[in-house]
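Presented below is the structure to which this report refers.
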Amino acid sequence: MDNVKAKKHLGQHFLTDENIAKDIADTLGFEGYDKVLEIGPGMGVLTKYLLEKPATTYVIEIDTESVDYLNAHYPKLHGKIISKDFLKYDINEVFKGEPFAITGNFPYNISSQIVFRCLDLREQVPEFTGMFQKEVAERICSKKGNKVYGILSVLVQAFYDAEYLFTVNENVFNPPPKVKSGVLRLLRKPNFHLPCNEKLFFTVVKTGFQQRRKTLRNSLKSFNLSDNLKEDTIFDLRPEQLSVEQFIELTQKIEAHAV
């Protein structure tokens with residue numbers, strides 16, 4: 001079995017540049033965990049460099065052809081290939097509540113969903129690195145006031161320090177995508193538990209950005225805010241004008257005025 005054919009419906013674009021694969025493997029710091037999960041390894045161009053690192057590498061791959069290829073070419077992976085859909089699989093069937101890092105060359109069509117899944121697993125994931133469509137990577141790492149600053153930016157940066165590392169050109173993939181890619185690192189904050197109701201925080205952020213051009217006084221109408229609370233000047237702002245800390249403050253205020 002020489003090659004795996006990239007499947008469009010799975011969003012597969014196989015990385016062909018060994019140097020970039022090595023650079024992505026080098027984004028991991030290996031502090032606070034001894035297991036790594038690579039999502040969507042394909043033919044293992046990144047996997048081979050992860051296997052050299054001081055941690056046990058697991059891979060999760062939905063494409064059965066890729067699973068057969070990995071089994072044939074990477075003996076070190078035997079027993080560590082999870083042939084499942086990361087978005088639907090209970091990863092603790094393997095990790096049993098232990099900490100692990102996530103990395104990969106993520107399929108563009110589900111990359112945002114992968115990030116949200118990582119946030120669900122934040123108690124166990126101290127570090128998350130990998131390659132996204134450049135626009136998505138920039139959005140995750142952007143700060144308030146930026147036109148691409150949004151739900152992903154706020155929710156990720158509430159729990160992780162986000163750093164955009166480097167850009168990758170289209171010509172190092174087979175087949176080449178139509179857009180550039182970006183590699184980032186998310187390092188979980190030392191104190192990643194928010195001083196507010198975290199479930200409410202998620203709801204406030206998502207609701208606020210659903211009508212991002214409106215002020216929060218209008219976009220958060222569904223919360224039935226009291227007239228007294230709506231007089232607070234924070235409600236004069238649009239969601240992209242609020243920092244993560246201000247969204248936490250906003251959540252605290254809504255929580256305190258809940259009927």
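Starting from 1 in every chain, residues are counted up; chains themselves are A, B, ... following the order of the structure tokens, and ligands are numbered from 1 as listed.
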
Can you list every residue in stretch 59-194 of chain A that DSSP puts in strand (DSSP E), as a PyMOL selection string? chain A and resi 59-60+81-82+101-103+127-133+160-168+173-174+181-188

Write out as a count of residues only each polymer residue whose atoms come within 12 Å of A:Lys22, counting only C-alpha atoms; drop sequence neighbours fewer than 4 positions from it. 19

Could you pull the residues within 6 Å of stretch 160-167 of chain A, counting only C-alpha atoms, minus those fewer than 5 positions along the same chain, as a PyMOL selection string? chain A and resi 141+181-189

Using only C-alpha atoms, which residues sit within 10 Å of A:Asn218 once same-chain residues fewer than 2 positions away are excluded, as a list in words? Gly208, Gln211, Arg213, Lys214, Thr215, Leu216, Leu220, Lys221, Ser222, Lys230, Phe235, Asp236 and Arg238 of chain A

Please determine, counting only C-alpha atoms, which residue among A:Tyr149, A:Phe86, A:Phe202, A:Phe173 has the shortest atom-to-atom distance to A:Gln241.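 Checking each of A:Tyr149, A:Phe86, A:Phe202, A:Phe173 against A:Gln241, counting only C-alpha atoms, the winner is A:Tyr149.
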